$ cat entry.cif   # mmCIF, C-alpha atoms
data_my_file
#
loop_
_atom_site.group_PDB
_atom_site.id
_atom_site.type_symbol
_atom_site.label_atom_id
_atom_site.label_comp_id
_atom_site.auth_asym_id
_atom_site.auth_seq_id
_atom_site.Cartn_x
_atom_site.Cartn_y
_atom_site.Cartn_z
ATOM 1 C CA LEU Q 14 73.935 -30.538 -8.154
ATOM 2 C CA SER Q 15 77.638 -31.096 -7.511
ATOM 3 C CA HIS Q 16 78.341 -27.964 -9.536
ATOM 4 C CA PHE Q 17 76.413 -25.903 -6.951
ATOM 5 C CA ALA Q 18 77.422 -27.825 -3.824
ATOM 6 C CA PRO Q 19 80.737 -29.618 -4.414
ATOM 7 C CA ASP Q 20 81.280 -30.312 -0.689
ATOM 8 C CA LEU Q 21 78.124 -32.357 -0.250
ATOM 9 C CA PRO Q 22 78.681 -36.095 0.189
ATOM 10 C CA SER Q 23 77.315 -38.394 -2.490
ATOM 11 C CA LEU Q 24 74.123 -40.252 -1.646
ATOM 12 C CA HIS Q 25 76.093 -43.461 -2.176
ATOM 13 C CA SER Q 26 78.994 -42.522 0.112
ATOM 14 C CA ASP Q 27 79.615 -43.906 3.584
ATOM 15 C CA GLN Q 28 79.474 -40.421 5.122
ATOM 16 C CA PRO Q 29 76.325 -39.596 7.089
ATOM 17 C CA THR Q 30 74.128 -36.893 5.641
ATOM 18 C CA THR Q 31 71.796 -34.595 7.508
ATOM 19 C CA MET Q 32 68.574 -33.107 6.255
ATOM 20 C CA GLY Q 33 67.741 -29.539 7.198
ATOM 21 C CA CYS Q 34 64.778 -27.334 6.639
ATOM 22 C CA CYS Q 35 65.118 -24.552 4.131
ATOM 23 C CA PHE Q 36 64.581 -21.047 5.476
ATOM 24 C CA CYS Q 37 61.459 -20.472 3.360
ATOM 25 C CA CYS Q 38 59.688 -23.419 5.028
ATOM 26 C CA LEU Q 39 60.084 -22.032 8.562
ATOM 27 C CA ASN Q 40 57.299 -20.180 10.372
ATOM 28 C CA GLU Q 41 57.773 -16.478 11.132
ATOM 29 C CA ALA Q 42 59.020 -16.996 14.696
ATOM 30 C CA ALA Q 43 61.646 -19.504 13.537
ATOM 31 C CA LYS Q 44 62.788 -17.154 10.755
ATOM 32 C CA VAL Q 45 63.141 -14.246 13.180
ATOM 33 C CA GLY Q 46 64.975 -16.506 15.608
ATOM 34 C CA ARG Q 47 67.459 -17.584 12.936
ATOM 35 C CA VAL Q 48 68.121 -13.990 11.916
ATOM 36 C CA LEU Q 49 68.466 -12.751 15.508
ATOM 37 C CA ASP Q 50 70.864 -15.619 16.293
ATOM 38 C CA LYS Q 51 73.337 -13.805 14.026
ATOM 39 C CA PHE Q 52 73.217 -10.677 16.239
ATOM 40 C CA SER Q 53 75.024 -10.229 19.529
ATOM 41 C CA PRO Q 54 72.701 -9.029 22.297
ATOM 42 C CA ALA Q 55 73.069 -5.324 23.033
ATOM 43 C CA PRO Q 56 71.988 -3.497 26.190
ATOM 44 C CA VAL Q 57 69.129 -1.019 25.802
ATOM 45 C CA ARG Q 58 71.484 1.953 26.259
ATOM 46 C CA GLU Q 59 73.124 0.991 22.912
ATOM 47 C CA ALA Q 60 69.840 0.905 20.944
ATOM 48 C CA GLN Q 61 69.886 2.653 17.577
ATOM 49 C CA ASP Q 62 66.711 4.068 16.088
ATOM 50 C CA GLY Q 63 65.538 2.392 12.875
ATOM 51 C CA MET Q 64 68.051 -0.485 13.038
ATOM 52 C CA LEU Q 65 67.413 -4.222 13.268
ATOM 53 C CA GLN Q 66 68.906 -5.240 16.600
ATOM 54 C CA LYS Q 67 68.693 -7.715 19.443
ATOM 55 C CA LEU Q 68 68.190 -5.821 22.690
ATOM 56 C CA VAL Q 69 68.252 -7.184 26.209
ATOM 57 C CA GLY Q 70 66.982 -5.606 29.390
ATOM 58 C CA ARG Q 71 64.404 -5.881 32.105
ATOM 59 C CA VAL Q 72 60.723 -5.708 31.132
ATOM 60 C CA VAL Q 73 58.829 -2.936 32.934
ATOM 61 C CA LEU Q 74 55.078 -2.552 32.502
ATOM 62 C CA ALA Q 75 53.828 0.499 30.629
ATOM 63 C CA GLY Q 76 50.412 -0.039 32.248
ATOM 64 C CA THR Q 77 49.479 -1.060 35.758
ATOM 65 C CA GLN Q 78 48.608 -4.756 35.436
ATOM 66 C CA PRO Q 79 50.168 -7.603 33.444
ATOM 67 C CA PHE Q 80 47.994 -10.348 32.090
ATOM 68 C CA TYR Q 81 48.616 -14.054 32.530
ATOM 69 C CA ALA Q 82 49.479 -16.644 29.905
ATOM 70 C CA PRO Q 83 46.565 -19.118 29.753
ATOM 71 C CA GLY Q 84 48.618 -22.330 29.848
ATOM 72 C CA SER Q 85 51.440 -21.562 32.272
ATOM 73 C CA GLY Q 86 49.698 -18.872 34.309
ATOM 74 C CA ARG Q 87 52.881 -16.727 34.127
ATOM 75 C CA PRO Q 88 52.465 -12.944 34.269
ATOM 76 C CA CYS Q 89 53.498 -11.536 30.893
ATOM 77 C CA VAL Q 90 53.263 -8.661 28.421
ATOM 78 C CA TRP Q 91 52.830 -10.985 25.423
ATOM 79 C CA TYR Q 92 51.618 -14.511 24.755
ATOM 80 C CA ARG Q 93 50.624 -16.648 21.798
ATOM 81 C CA VAL Q 94 48.784 -19.914 22.361
ATOM 82 C CA THR Q 95 47.442 -22.581 20.008
ATOM 83 C CA VAL Q 96 45.008 -25.252 21.182
ATOM 84 C CA SER Q 97 44.253 -28.458 19.264
ATOM 85 C CA GLU Q 98 41.720 -31.164 19.939
ATOM 86 C CA GLU Q 99 42.148 -34.838 19.112
ATOM 87 C CA ARG Q 100 39.407 -36.113 16.847
ATOM 88 C CA ILE Q 101 38.467 -39.494 15.398
ATOM 89 C CA ARG Q 102 37.242 -40.277 11.927
ATOM 90 C CA MET Q 103 36.253 -43.602 10.457
ATOM 91 C CA ARG Q 104 36.904 -44.556 6.866
ATOM 92 C CA GLU Q 105 36.232 -47.627 4.799
ATOM 93 C CA GLU Q 106 39.047 -49.596 3.241
ATOM 94 C CA ARG Q 107 38.341 -52.243 0.612
ATOM 95 C CA ASN Q 108 40.684 -55.181 0.054
ATOM 96 C CA ALA Q 109 41.384 -55.247 -3.691
ATOM 97 C CA GLU Q 110 41.752 -59.048 -3.811
ATOM 98 C CA THR Q 111 38.855 -60.207 -1.617
ATOM 99 C CA GLY Q 112 36.511 -57.234 -1.879
ATOM 100 C CA GLU Q 113 36.180 -57.298 1.901
ATOM 101 C CA VAL Q 114 35.451 -53.908 3.461
ATOM 102 C CA ARG Q 115 36.756 -52.957 6.866
ATOM 103 C CA MET Q 116 36.497 -49.775 8.915
ATOM 104 C CA ILE Q 117 39.694 -47.960 9.798
ATOM 105 C CA ARG Q 118 39.805 -45.635 12.816
ATOM 106 C CA GLU Q 119 42.048 -42.588 12.371
ATOM 107 C CA GLU Q 120 42.973 -40.201 15.158
ATOM 108 C CA TYR Q 121 44.108 -36.705 14.209
ATOM 109 C CA TRP Q 122 44.632 -33.285 15.802
ATOM 110 C CA GLU Q 123 42.564 -30.295 14.719
ATOM 111 C CA GLN Q 124 43.442 -26.739 15.730
ATOM 112 C CA ILE Q 125 40.422 -25.247 17.484
ATOM 113 C CA CYS Q 126 41.804 -21.889 18.591
ATOM 114 C CA LYS Q 127 44.745 -19.569 18.385
ATOM 115 C CA ASP Q 128 45.042 -16.532 20.622
ATOM 116 C CA GLU Q 129 47.615 -13.767 20.990
ATOM 117 C CA ARG Q 130 47.669 -10.856 23.416
ATOM 118 C CA PHE Q 131 50.237 -8.160 23.963
ATOM 119 C CA MET Q 132 50.623 -4.880 25.771
ATOM 120 C CA ASP Q 133 53.070 -2.020 25.508
ATOM 121 C CA PHE Q 134 56.065 -2.174 27.835
ATOM 122 C CA TYR Q 135 59.463 -0.686 28.528
ATOM 123 C CA LEU Q 136 62.754 -2.473 28.165
ATOM 124 C CA GLN Q 137 65.075 -1.078 30.809
ATOM 125 C CA ASP Q 138 68.801 -1.305 31.361
ATOM 126 C CA GLY Q 139 69.996 0.680 34.364
ATOM 127 C CA THR Q 140 68.987 4.260 33.598
ATOM 128 C CA ALA Q 141 68.200 3.686 29.895
ATOM 129 C CA LYS Q 142 64.554 2.946 29.173
ATOM 130 C CA LEU Q 143 63.104 2.078 25.758
ATOM 131 C CA PHE Q 144 59.357 2.118 25.024
ATOM 132 C CA VAL Q 145 58.179 -0.969 23.071
ATOM 133 C CA ASN Q 146 54.953 -0.484 21.142
ATOM 134 C CA ALA Q 147 53.936 -4.140 21.128
ATOM 135 C CA ALA Q 148 50.866 -3.411 18.995
ATOM 136 C CA ASN Q 149 53.135 -2.448 16.097
ATOM 137 C CA ARG Q 150 53.716 -6.037 15.008
ATOM 138 C CA GLY Q 151 55.404 -4.919 11.787
ATOM 139 C CA THR Q 152 58.445 -3.535 13.607
ATOM 140 C CA CYS Q 153 58.338 -5.328 16.957
ATOM 141 C CA ARG Q 154 59.225 -9.024 17.103
ATOM 142 C CA ILE Q 155 59.091 -10.653 20.508
ATOM 143 C CA GLN Q 156 60.444 -14.060 21.336
ATOM 144 C CA GLY Q 157 59.774 -15.590 24.706
ATOM 145 C CA THR Q 158 59.727 -18.848 26.590
ATOM 146 C CA SER Q 159 57.780 -21.833 25.292
ATOM 147 C CA ASP Q 160 55.458 -24.147 27.162
ATOM 148 C CA SER Q 161 53.145 -26.951 26.137
ATOM 149 C CA GLY Q 162 50.766 -29.409 27.681
ATOM 150 C CA ARG Q 163 48.221 -32.135 27.092
ATOM 151 C CA SER Q 164 44.991 -33.074 28.742
ATOM 152 C CA SER Q 165 42.593 -35.990 28.711
ATOM 153 C CA ILE Q 166 39.290 -36.956 30.249
ATOM 154 C CA PHE Q 167 41.018 -37.539 33.591
ATOM 155 C CA ASN Q 168 43.475 -34.646 33.338
ATOM 156 C CA GLU Q 169 41.800 -31.337 32.519
ATOM 157 C CA PRO Q 170 43.704 -28.527 30.809
ATOM 158 C CA PRO Q 171 44.789 -25.486 32.869
ATOM 159 C CA PRO Q 172 41.979 -23.007 33.676
ATOM 160 C CA GLY Q 173 43.087 -20.462 31.050
ATOM 161 C CA ILE Q 174 43.136 -23.126 28.326
ATOM 162 C CA ARG Q 175 39.712 -24.453 29.467
ATOM 163 C CA PHE Q 176 38.384 -20.888 29.137
ATOM 164 C CA LEU Q 177 39.726 -20.572 25.565
ATOM 165 C CA ILE Q 178 38.239 -23.950 24.640
ATOM 166 C CA ALA Q 179 34.846 -23.046 26.106
ATOM 167 C CA GLN Q 180 34.882 -19.684 24.281
ATOM 168 C CA ARG Q 181 35.526 -21.323 20.918
ATOM 169 C CA MET Q 182 33.362 -24.407 21.326
ATOM 170 C CA SER Q 183 29.821 -23.644 22.396
ATOM 171 C CA THR Q 184 29.116 -27.386 22.343
ATOM 172 C CA TRP Q 185 31.955 -28.301 24.713
ATOM 173 C CA ASN Q 186 30.470 -30.116 27.686
ATOM 174 C CA GLY Q 187 33.550 -30.106 29.899
ATOM 175 C CA TRP Q 188 34.699 -33.529 28.727
ATOM 176 C CA GLY Q 189 34.640 -32.977 24.979
ATOM 177 C CA LEU Q 190 32.918 -36.323 24.465
ATOM 178 C CA LEU Q 191 30.796 -35.526 21.466
ATOM 179 C CA GLU Q 192 30.752 -37.367 18.177
ATOM 180 C CA GLY Q 193 34.274 -37.729 16.807
ATOM 181 C CA ARG Q 194 35.934 -36.194 19.862
ATOM 182 C CA THR Q 195 38.246 -38.005 22.268
ATOM 183 C CA GLY Q 196 38.256 -35.470 25.106
ATOM 184 C CA ARG Q 197 42.000 -34.888 24.655
ATOM 185 C CA PHE Q 198 43.508 -31.469 24.028
ATOM 186 C CA ARG Q 199 47.031 -30.170 23.585
ATOM 187 C CA TYR Q 200 48.389 -26.654 23.564
ATOM 188 C CA THR Q 201 51.573 -24.764 22.801
ATOM 189 C CA GLU Q 202 52.294 -21.405 24.297
ATOM 190 C CA GLN Q 203 54.985 -18.765 23.961
ATOM 191 C CA SER Q 204 55.092 -15.928 26.475
ATOM 192 C CA PHE Q 205 57.240 -12.991 27.438
#

$ encode --input "entry.cif" --output "structure tokens"
Amino acid sequence: LSHFAPDLPSLHSDQPTTMGCCFCCLNEAAKVGRVLDKFSPAPVREAQDGMLQKLVGRVVLAGTQPFYAPGSGRPCVWYRVTVSEERIRMREERNAETGEVRMIREEYWEQICKDERFMDFYLQDGTAKLFVNAANRGTCRIQGTSDSGRSSIFNEPPPGIRFLIAQRMSTWNGWGLLEGRTGRFRYTEQSF
């Protein structure tokens, strides 16, 4: 290993070491973010056709109405949201010495829905205006603001998140208190 990375401290040295995540382990948004971090932002008027670039400008609707991100309620032209529900499972654990069996309660999060919506828009910079075909996900990568939240029996999720939950879970009774369910939800949302 020292042949390939001679500047790395030894595991037995007094120098602190840091662990990073290799690029291949990142999700797509994180990979795009890392690549775009290498680019300086350019105004729309400097856009070059067919080139990978980081453009900045003001978003202008291509249609008449924006839609709203389900968690934050912000008007947007793109959002991605993931909702998870806390669940409980019970498992038996046997003591190897005494043979005694006891029940172990495990709480875990299960993704119950993922939703993404986008609409075409313009990116504008003064008099320059660039059409963004948001449906062409192969060439258009959008990064926006992030939001997240949690809910419980006494703290319901935002209305848009409740709607997504109800759409995906025909057995949801408003509280989520069915077998194995705790009634707690969490969501993450990115919007632009």

$ resolve_selection --input "entry.cif" --expression "the PyMOL selection byres ((chain Q and resi 200) around 8)" --output "list of chain:residue names"
Q:Gly84, Q:Val94, Q:Thr95, Q:Val96, Q:Ser97, Q:Ser161, Q:Gly162, Q:Arg163, Q:Ile174, Q:Phe198, Q:Arg199, Q:Thr201, Q:Glu202

$ closest_residue --input "entry.cif" --among "Q:Met116, Q:Met103, Q:Leu39, Q:Val57" --to "Arg194 in chain Q" --atoms "all atoms listed in the file"
Q:Met103

$ closest_residue --input "entry.cif" --among "Q:Thr111, Q:Ser204, Q:Gln180, Q:Asn168" --to "Glu129 in chain Q" --atoms "all atoms listed in the file"
Q:Ser204

$ closest_residue --input "entry.cif" --among "Q:Val90, Q:Cys126, Q:Ile178, Q:Val45" --to "Phe205 in chain Q" --atoms "all atoms listed in the file"
Q:Val90

$ closest_residue --input "entry.cif" --among "Q:Gly196, Q:Arg104, Q:Lys142, Q:Ile166" --to "Leu74 in chain Q" --atoms "only C-alpha atoms"
Q:Lys142

$ atom_distance --input "entry.cif" --atom1 "CA of Val69 in chain Q" --atom2 "CA of Leu49 in chain Q"
12.1 Å

$ atom_distance --input "entry.cif" --atom1 "CA of Gln137 in chain Q" --atom2 "CA of Pro88 in chain Q"
17.7 Å
